[in-house]
>>> print(open('start-v1.txt').read())   # compact mmCIF, C-alpha atoms and all ligand atoms
# COMPACT_ATOMS: atom_id res chain seq x y z
CA MET A 28 -96.86 92.97 5.46
CA SER A 29 -97.22 92.87 9.24
CA THR A 30 -100.10 93.76 11.49
CA GLU A 31 -100.27 97.07 13.30
CA ARG A 32 -102.64 95.63 15.88
CA GLN A 33 -101.17 96.00 19.37
CA LEU A 34 -101.72 92.91 21.48
CA ALA A 35 -102.58 93.69 25.08
CA ALA A 36 -100.19 92.49 27.78
CA VAL A 37 -97.88 90.80 25.32
CA SER A 38 -94.19 91.45 25.61
CA PRO A 39 -92.27 91.61 23.40
CA GLN A 40 -94.90 92.55 20.80
CA PRO A 41 -94.65 89.87 18.10
CA ILE A 42 -94.40 90.74 14.44
CA VAL A 43 -97.25 88.98 12.66
CA HIS A 44 -96.67 88.56 8.94
CA ALA A 45 -99.37 87.91 6.36
CA HIS A 46 -97.68 84.63 5.39
CA ARG A 47 -94.82 82.53 6.72
CA ASP A 48 -92.83 83.24 3.54
CA ASP A 49 -92.96 86.97 4.40
CA ALA A 50 -91.58 86.23 7.86
CA ALA A 51 -88.80 84.09 6.38
CA ARG A 52 -87.91 86.79 3.84
CA HIS A 53 -87.89 89.50 6.50
CA VAL A 54 -85.44 87.60 8.71
CA ALA A 55 -83.32 86.50 5.72
CA ARG A 56 -82.98 90.15 4.66
CA GLU A 57 -81.86 91.12 8.13
CA ILE A 58 -79.17 88.43 7.98
CA VAL A 59 -77.99 89.62 4.57
CA GLU A 60 -77.81 93.22 5.82
CA LEU A 61 -75.90 92.08 8.89
CA ILE A 62 -73.34 90.27 6.70
CA GLU A 63 -73.04 93.29 4.39
CA ALA A 64 -72.27 95.49 7.42
CA ARG A 65 -70.11 92.89 9.16
CA PRO A 66 -68.57 90.41 6.69
CA ASN A 67 -67.19 88.24 9.50
CA ALA A 68 -70.57 87.96 11.22
CA VAL A 69 -71.23 84.99 13.48
CA LEU A 70 -74.65 83.44 12.99
CA GLY A 71 -76.47 81.00 15.22
CA VAL A 72 -78.39 78.62 12.99
CA ALA A 73 -81.34 76.40 13.84
CA THR A 74 -83.01 73.38 12.29
CA GLY A 75 -86.63 72.27 12.08
CA SER A 76 -89.25 72.77 9.41
CA THR A 77 -89.74 76.41 10.45
CA MET A 78 -86.23 77.25 9.27
CA THR A 79 -86.34 75.80 5.76
CA GLY A 80 -88.05 78.88 4.31
CA VAL A 81 -85.54 81.17 6.00
CA TYR A 82 -82.63 79.36 4.36
CA ARG A 83 -84.40 79.33 0.99
CA ALA A 84 -84.97 83.09 1.26
CA LEU A 85 -81.40 83.62 2.43
CA VAL A 86 -79.99 81.80 -0.60
CA ALA A 87 -82.21 83.82 -2.96
CA GLU A 88 -81.45 87.17 -1.31
CA ALA A 89 -77.69 86.44 -1.11
CA SER A 90 -77.54 85.58 -4.79
CA GLU A 91 -79.59 88.62 -5.80
CA ARG A 92 -77.23 90.94 -3.92
CA SER A 93 -74.04 88.97 -4.80
CA LEU A 94 -73.34 88.69 -1.09
CA ASP A 95 -69.80 87.75 -0.05
CA THR A 96 -70.28 85.07 2.62
CA SER A 97 -66.64 83.99 2.78
CA GLY A 98 -66.05 85.53 6.23
CA VAL A 99 -69.20 84.27 7.93
CA THR A 100 -69.22 81.58 10.62
CA CYS A 101 -72.34 79.62 11.56
CA PHE A 102 -72.83 77.74 14.82
CA SER A 103 -75.67 75.28 15.21
CA LEU A 104 -77.78 75.00 18.35
CA ASP A 105 -78.00 71.31 18.96
CA GLU A 106 -77.55 67.76 17.68
CA TYR A 107 -79.02 64.31 18.17
CA ILE A 108 -76.81 61.73 19.90
CA GLY A 109 -76.68 58.14 18.69
CA LEU A 110 -76.99 58.45 14.91
CA PRO A 111 -74.19 57.14 12.68
CA PRO A 112 -71.77 59.70 11.20
CA GLY A 113 -73.15 61.24 8.01
CA ASP A 114 -76.74 60.21 8.79
CA PRO A 115 -78.98 62.54 6.74
CA ARG A 116 -81.15 63.17 9.83
CA LEU A 117 -78.26 64.66 11.79
CA PHE A 118 -78.78 68.42 12.11
CA ARG A 119 -75.23 68.76 10.75
CA SER A 120 -76.34 67.03 7.52
CA VAL A 121 -79.47 69.19 7.23
CA LEU A 122 -77.49 72.39 7.73
CA GLU A 123 -74.80 71.24 5.27
CA GLY A 124 -77.56 71.02 2.67
CA HIS A 125 -78.85 74.53 3.31
CA LEU A 126 -75.62 76.37 4.05
CA ILE A 127 -72.83 74.52 2.23
CA HIS A 128 -74.63 73.03 -0.76
CA ASP A 129 -77.21 75.79 -1.33
CA LEU A 130 -75.58 78.94 0.10
CA GLY A 131 -72.02 77.96 -0.82
CA LEU A 132 -70.27 78.17 2.55
CA ARG A 133 -67.09 76.11 3.09
CA PRO A 134 -67.45 73.16 5.53
CA ASP A 135 -65.23 74.95 8.07
CA GLN A 136 -67.73 77.84 8.17
CA LEU A 137 -70.32 75.56 9.77
CA VAL A 138 -69.48 74.58 13.34
CA THR A 139 -71.68 71.94 14.99
CA PRO A 140 -71.49 69.92 18.22
CA ASP A 141 -69.78 66.52 17.95
CA PRO A 142 -72.38 63.84 18.72
CA GLU A 143 -69.83 61.02 18.88
CA LEU A 144 -67.72 62.79 21.46
CA ALA A 145 -70.96 63.70 23.26
CA ALA A 146 -71.74 59.96 23.55
CA GLU A 147 -68.27 59.09 24.84
CA ASP A 148 -67.43 62.11 26.97
CA PRO A 149 -70.44 64.42 27.37
CA ARG A 150 -68.61 66.98 29.49
CA ALA A 151 -65.71 67.34 27.05
CA ALA A 152 -68.06 67.72 24.07
CA ALA A 153 -70.24 70.29 25.83
CA ASP A 154 -67.48 72.38 27.38
CA GLY A 155 -65.50 72.26 24.14
CA TYR A 156 -68.45 73.57 22.12
CA GLU A 157 -69.22 76.33 24.61
CA ALA A 158 -65.55 77.40 24.57
CA THR A 159 -65.49 77.47 20.74
CA LEU A 160 -68.52 79.76 20.73
CA VAL A 161 -66.93 82.12 23.23
CA ALA A 162 -63.63 82.11 21.30
CA ALA A 163 -65.49 83.13 18.12
CA GLY A 164 -66.64 86.28 19.88
CA GLY A 165 -70.22 85.18 20.46
CA ILE A 166 -73.22 85.08 18.16
CA ASP A 167 -74.34 88.25 16.37
CA LEU A 168 -77.74 86.91 15.36
CA GLN A 169 -79.35 83.71 16.60
CA LEU A 170 -82.18 82.04 14.68
CA LEU A 171 -84.62 80.11 16.86
CA GLY A 172 -87.67 77.94 16.44
CA ILE A 173 -89.82 76.72 19.30
CA GLY A 174 -91.01 73.25 20.30
CA ARG A 175 -94.64 72.64 21.24
CA ASN A 176 -93.56 72.27 24.88
CA GLY A 177 -91.73 75.61 24.76
CA HIS A 178 -88.27 74.20 24.21
CA VAL A 179 -85.67 76.30 22.44
CA ALA A 180 -82.79 74.40 20.85
CA PHE A 181 -83.18 71.24 22.99
CA ASN A 182 -83.63 73.07 26.28
CA GLU A 183 -86.58 71.06 27.51
CA PRO A 184 -88.93 72.24 30.30
CA GLY A 185 -86.92 72.51 33.52
CA ALA A 186 -83.86 74.00 31.80
CA ALA A 187 -82.25 76.59 34.06
CA ALA A 188 -81.81 80.19 32.98
CA ASP A 189 -78.06 79.87 33.62
CA SER A 190 -77.67 76.60 31.68
CA LEU A 191 -74.79 76.19 29.23
CA THR A 192 -74.06 73.56 26.58
CA ARG A 193 -74.76 70.05 27.86
CA THR A 194 -76.22 66.67 26.93
CA LEU A 195 -79.72 65.73 28.08
CA PRO A 196 -82.63 63.33 27.52
CA LEU A 197 -85.38 64.40 25.10
CA GLU A 198 -88.98 64.75 26.33
CA ALA A 199 -91.68 62.42 25.04
CA ARG A 200 -93.46 65.23 23.14
CA THR A 201 -90.24 66.32 21.43
CA ARG A 202 -89.53 62.73 20.37
CA GLU A 203 -93.11 62.27 19.13
CA ASP A 204 -92.77 65.40 16.98
CA ALA A 205 -89.53 64.01 15.50
CA ALA A 206 -90.77 60.42 15.11
CA ASN A 207 -91.93 60.84 11.51
CA THR A 208 -88.40 61.73 10.45
CA PHE A 209 -87.10 58.55 12.04
CA GLY A 210 -89.84 56.18 10.89
CA GLY A 211 -91.30 55.71 14.36
CA LEU A 212 -90.81 56.56 18.01
CA SER A 213 -88.63 53.54 18.85
CA ALA A 214 -86.02 54.64 16.27
CA THR A 215 -86.08 58.28 17.45
CA PRO A 216 -83.01 59.40 19.42
CA THR A 217 -83.46 59.70 23.18
CA ARG A 218 -80.61 62.12 23.88
CA ALA A 219 -79.14 65.29 22.41
CA ILE A 220 -76.42 67.86 22.97
CA THR A 221 -77.68 71.43 23.10
CA VAL A 222 -76.48 74.92 23.87
CA GLY A 223 -78.02 76.29 27.07
CA ILE A 224 -80.43 79.10 27.82
CA ALA A 225 -77.55 81.28 29.01
CA THR A 226 -75.62 80.47 25.82
CA ILE A 227 -78.59 81.59 23.71
CA ARG A 228 -79.12 84.72 25.80
CA ARG A 229 -75.51 85.81 25.14
CA ALA A 230 -76.33 86.25 21.41
CA ARG A 231 -76.66 89.91 20.51
CA ARG A 232 -79.91 89.46 18.54
CA LEU A 233 -82.47 86.69 18.93
CA ARG A 234 -84.96 86.05 16.11
CA LEU A 235 -87.58 83.43 16.98
CA LEU A 236 -89.96 82.20 14.29
CA ALA A 237 -93.12 80.16 14.80
CA PHE A 238 -95.60 79.12 12.13
CA GLY A 239 -98.88 77.23 12.02
CA ALA A 240 -101.82 76.60 14.33
CA GLY A 241 -99.90 73.85 16.11
CA LYS A 242 -97.67 76.53 17.65
CA SER A 243 -100.44 78.95 18.68
CA GLU A 244 -100.88 77.62 22.20
CA ILE A 245 -97.17 77.64 23.06
CA VAL A 246 -96.73 81.07 21.48
CA GLU A 247 -99.52 82.37 23.73
CA ARG A 248 -97.96 80.78 26.85
CA THR A 249 -94.52 82.09 25.89
CA LEU A 250 -95.65 85.67 25.37
CA ARG A 251 -98.41 85.96 27.96
CA GLY A 252 -97.67 83.42 30.63
CA PRO A 253 -95.35 83.76 33.60
CA GLU A 254 -91.61 83.57 33.08
CA THR A 255 -90.86 80.00 34.12
CA ILE A 256 -88.44 77.16 33.53
CA ASP A 257 -91.53 75.07 32.65
CA VAL A 258 -91.68 77.03 29.37
CA PRO A 259 -88.00 77.59 28.51
CA ALA A 260 -88.75 80.14 25.77
CA THR A 261 -90.13 82.52 28.43
CA LEU A 262 -86.59 82.76 29.83
CA LEU A 263 -85.60 84.66 26.67
CA ARG A 264 -88.25 87.38 27.01
CA SER A 265 -86.08 89.73 29.04
CA HIS A 266 -83.33 89.67 26.37
CA GLY A 267 -82.90 93.20 25.07
CA ASP A 268 -83.11 92.34 21.36
CA LEU A 269 -85.59 89.51 20.88
CA GLU A 270 -88.12 89.45 18.04
CA PHE A 271 -90.93 86.96 17.51
CA HIS A 272 -91.89 86.53 13.84
CA LEU A 273 -95.22 84.75 13.46
CA ASP A 274 -97.69 83.84 10.75
CA PRO A 275 -101.40 84.51 11.41
CA GLU A 276 -102.04 80.89 12.49
CA ALA A 277 -99.28 80.90 15.12
CA SER A 278 -100.61 84.19 16.52
CA SER A 279 -104.24 83.06 16.59
CA ALA A 280 -104.41 82.43 20.37
CA LEU A 281 -103.00 85.85 21.30
C1 LIG B 1 -86.31 70.73 17.22
C2 LIG B 1 -85.10 71.65 17.31
C3 LIG B 1 -85.51 73.04 17.70
C4 LIG B 1 -86.68 73.49 16.85
C5 LIG B 1 -87.85 72.58 17.07
C6 LIG B 1 -89.11 72.99 16.29
O1 LIG B 1 -86.69 70.24 18.44
N1 LIG B 1 -84.13 71.19 18.26
O2 LIG B 1 -84.40 73.91 17.54
O3 LIG B 1 -87.02 74.80 17.19
O4 LIG B 1 -87.46 71.30 16.64
O5 LIG B 1 -89.12 72.40 15.03
P1 LIG B 1 -90.09 72.80 13.85
O6 LIG B 1 -89.59 74.06 13.29
O7 LIG B 1 -89.98 71.66 12.88
O8 LIG B 1 -91.45 72.92 14.43
>>> encode(input="start-v1.txt", output="structure tokens")
Amino acid sequence: MSTERQLAAVSPQPIVHAHRDDAARHVAREIVELIEARPNAVLGVATGSTMTGVYRALVAEASERSLDTSGVTCFSLDEYIGLPPGDPRLFRSVLEGHLIHDLGLRPDQLVTPDPELAAEDPRAAADGYEATLVAAGGIDLQLLGIGRNGHVAFNEPGAAADSLTRTLPLEARTREDAANTFGGLSATPTRAITVGIATIRRARRLRLLAFGAGKSEIVERTLRGPETIDVPATLLRSHGDLEFHLDPEASSAL
């Protein structure tokens, strides 16, 4: 169920679901329908707690409809630099759990940036990843979360609208939000490799999800505030096919 209430001066109009599980199911269904129509669909996949329900719903929906996922390719948005290979906190490891273990994709169907190459030769890792995305024909549907400072993927405030894949330092607030996962701030990575704002904008559909009261302020700034590099998510607003899927708490400041 989503609200019919029109929110003044908000563009695009967000879709507010009664519960975050409804939002996750809605987006998962769209992905399943995309794959049914286009078996070799290219998906842009995201990490973060917001996404776990989407993957759970995707696995359930795919199994219910006996979906053939053998032609799908998934590209991830970003990766921490500095963790040992196979570390469970690598986004690659998290996505392997959801997409390979749970959904049943083959390892070669999940393409992720190489954090070791990114540490040794940042330019080669970034340009190589960008080129792989272009060679795959671009992303059909990109899943996105949002950081409390308005970051998308790891495009921190200040990210240019024409930015492509690159390595960069993580902001204090982003590291604080991740610190629990790493058992404290001092053990939390300081750098990451991320696709750029321009890379994200090339995707044919953008589906951004935000849940919980902790996201209400940034959702309000993203939808109502000026388009600015200080809030990177605002740089996506002029994309022709962007949807915001919110729960009531995330929409509470609108
Ligand atoms: C990380 C990821 C982002 C994600 C954000 C929000 O910083 N790089 O892609 O959107 O976290 O995470 P959560 O969904 O846990 O709030």
>>> atom_distance(input="start-v1.txt", atom1="atom O6 of ligand LIG 1 (chain B)", atom2="CA of Glu143 (chain A)")
24.3 Å
>>> residues_around(input="start-v1.txt", residues="region 180-193 of chain A", least_positions_apart="2", cutoff="10 Å", atoms="all atoms listed in the file", output="MDAnalysis selection string")
chainID A and resid 72:75 103:107 140 145 149:158 170:174 176:178 195:198 201 218:228 255:263
>>> axis_aligned_box(input="start-v1.txt", around="ligand LIG 1 (chain B)", padding_each_side="3 Å", output="JSON")
{"center_x": -87.8, "center_y": 72.5, "center_z": 15.7, "size_x": 13.3, "size_y": 10.6, "size_z": 11.6}
>>> atom_distance(input="start-v1.txt", atom1="CA of Phe102 (chain A)", atom2="CA of Ala199 (chain A)")
26.4 Å
>>> closest_residue(input="start-v1.txt", among="A:Arg116, A:Lys242, A:Arg56, A:Arg92", to="ligand LIG 1 (chain B)", atoms="only C-alpha atoms and all ligand atoms")
A:Lys242
>>> closest_residue(input="start-v1.txt", among="A:Thr249, A:Ser120, A:Ser38, A:Thr194", to="Val179 (chain A)", atoms="only C-alpha atoms")
A:Thr249
>>> residues_around(input="start-v1.txt", residues="Ala163 (chain A)", least_positions_apart="4", cutoff="9 Å", atoms="all atoms listed in the file", output="tab-separated table (two decimals) with C-alpha atoms, in the frame of the given file")
chain	number	residue	atom	x	y	z
A	69	VAL	CA	-71.23	84.99	13.48
A	100	THR	CA	-69.22	81.58	10.62
A	158	ALA	CA	-65.55	77.40	24.57
A	159	THR	CA	-65.49	77.47	20.74
>>> build_atoms(input="start-v1.txt", residues="region 161-182 of chain A", atoms="N, CA, C and O atoms", output="compact mmCIF listing (two decimals), keeping the file's coordinate frame")
# COMPACT_ATOMS: atom_id res chain seq x y z
N VAL A 161 -67.47 80.94 22.55
CA VAL A 161 -66.93 82.12 23.23
C VAL A 161 -65.72 82.65 22.45
O VAL A 161 -65.59 83.85 22.20
N ALA A 162 -64.85 81.72 22.02
CA ALA A 162 -63.63 82.11 21.30
C ALA A 162 -63.96 82.82 19.98
O ALA A 162 -63.20 83.68 19.51
N ALA A 163 -65.10 82.49 19.39
CA ALA A 163 -65.49 83.13 18.12
C ALA A 163 -66.04 84.54 18.34
O ALA A 163 -66.39 85.23 17.38
N GLY A 164 -66.16 84.93 19.59
CA GLY A 164 -66.64 86.28 19.88
C GLY A 164 -68.13 86.36 20.12
O GLY A 164 -68.70 87.44 20.21
N GLY A 165 -68.77 85.19 20.21
CA GLY A 165 -70.22 85.18 20.46
C GLY A 165 -71.01 85.34 19.18
O GLY A 165 -70.48 85.67 18.12
N ILE A 166 -72.30 85.10 19.31
CA ILE A 166 -73.22 85.08 18.16
C ILE A 166 -73.78 86.48 17.93
O ILE A 166 -74.26 87.12 18.86
N ASP A 167 -73.73 86.94 16.70
CA ASP A 167 -74.34 88.25 16.37
C ASP A 167 -75.85 88.12 16.25
O ASP A 167 -76.59 88.97 16.75
N LEU A 168 -76.30 87.09 15.55
CA LEU A 168 -77.74 86.91 15.36
C LEU A 168 -78.06 85.42 15.47
O LEU A 168 -77.46 84.61 14.77
N GLN A 169 -78.97 85.10 16.38
CA GLN A 169 -79.35 83.71 16.60
C GLN A 169 -80.75 83.45 16.07
O GLN A 169 -81.71 84.09 16.49
N LEU A 170 -80.87 82.50 15.15
CA LEU A 170 -82.18 82.04 14.68
C LEU A 170 -82.71 81.01 15.66
O LEU A 170 -81.95 80.14 16.12
N LEU A 171 -84.01 81.06 15.93
CA LEU A 171 -84.62 80.11 16.86
C LEU A 171 -85.99 79.68 16.37
O LEU A 171 -86.76 80.51 15.87
N GLY A 172 -86.30 78.41 16.55
CA GLY A 172 -87.67 77.94 16.44
C GLY A 172 -88.16 77.70 17.85
O GLY A 172 -87.52 78.08 18.83
N ILE A 173 -89.29 77.04 17.98
CA ILE A 173 -89.82 76.72 19.30
C ILE A 173 -90.53 75.37 19.23
O ILE A 173 -91.24 75.09 18.26
N GLY A 174 -90.31 74.54 20.23
CA GLY A 174 -91.01 73.25 20.30
C GLY A 174 -92.40 73.45 20.91
O GLY A 174 -92.66 74.46 21.57
N ARG A 175 -93.28 72.48 20.73
CA ARG A 175 -94.64 72.64 21.24
C ARG A 175 -94.68 72.67 22.77
O ARG A 175 -95.66 73.10 23.36
N ASN A 176 -93.62 72.18 23.42
CA ASN A 176 -93.56 72.27 24.88
C ASN A 176 -92.76 73.50 25.33
O ASN A 176 -92.43 73.63 26.50
N GLY A 177 -92.45 74.37 24.41
CA GLY A 177 -91.73 75.61 24.76
C GLY A 177 -90.22 75.47 24.74
O GLY A 177 -89.51 76.39 25.15
N HIS A 178 -89.73 74.32 24.23
CA HIS A 178 -88.27 74.20 24.21
C HIS A 178 -87.67 75.12 23.14
O HIS A 178 -88.30 75.41 22.11
N VAL A 179 -86.46 75.57 23.43
CA VAL A 179 -85.67 76.30 22.44
C VAL A 179 -84.34 75.57 22.35
O VAL A 179 -83.79 75.16 23.37
N ALA A 180 -83.83 75.39 21.11
CA ALA A 180 -82.79 74.40 20.85
C ALA A 180 -83.33 73.10 21.44
O ALA A 180 -84.49 72.76 21.19
N PHE A 181 -82.58 72.39 22.30
CA PHE A 181 -83.18 71.24 22.99
C PHE A 181 -83.23 71.51 24.48
O PHE A 181 -83.09 70.59 25.29
N ASN A 182 -83.43 72.76 24.87
CA ASN A 182 -83.63 73.07 26.28
C ASN A 182 -85.07 72.74 26.62
O ASN A 182 -85.99 73.53 26.37
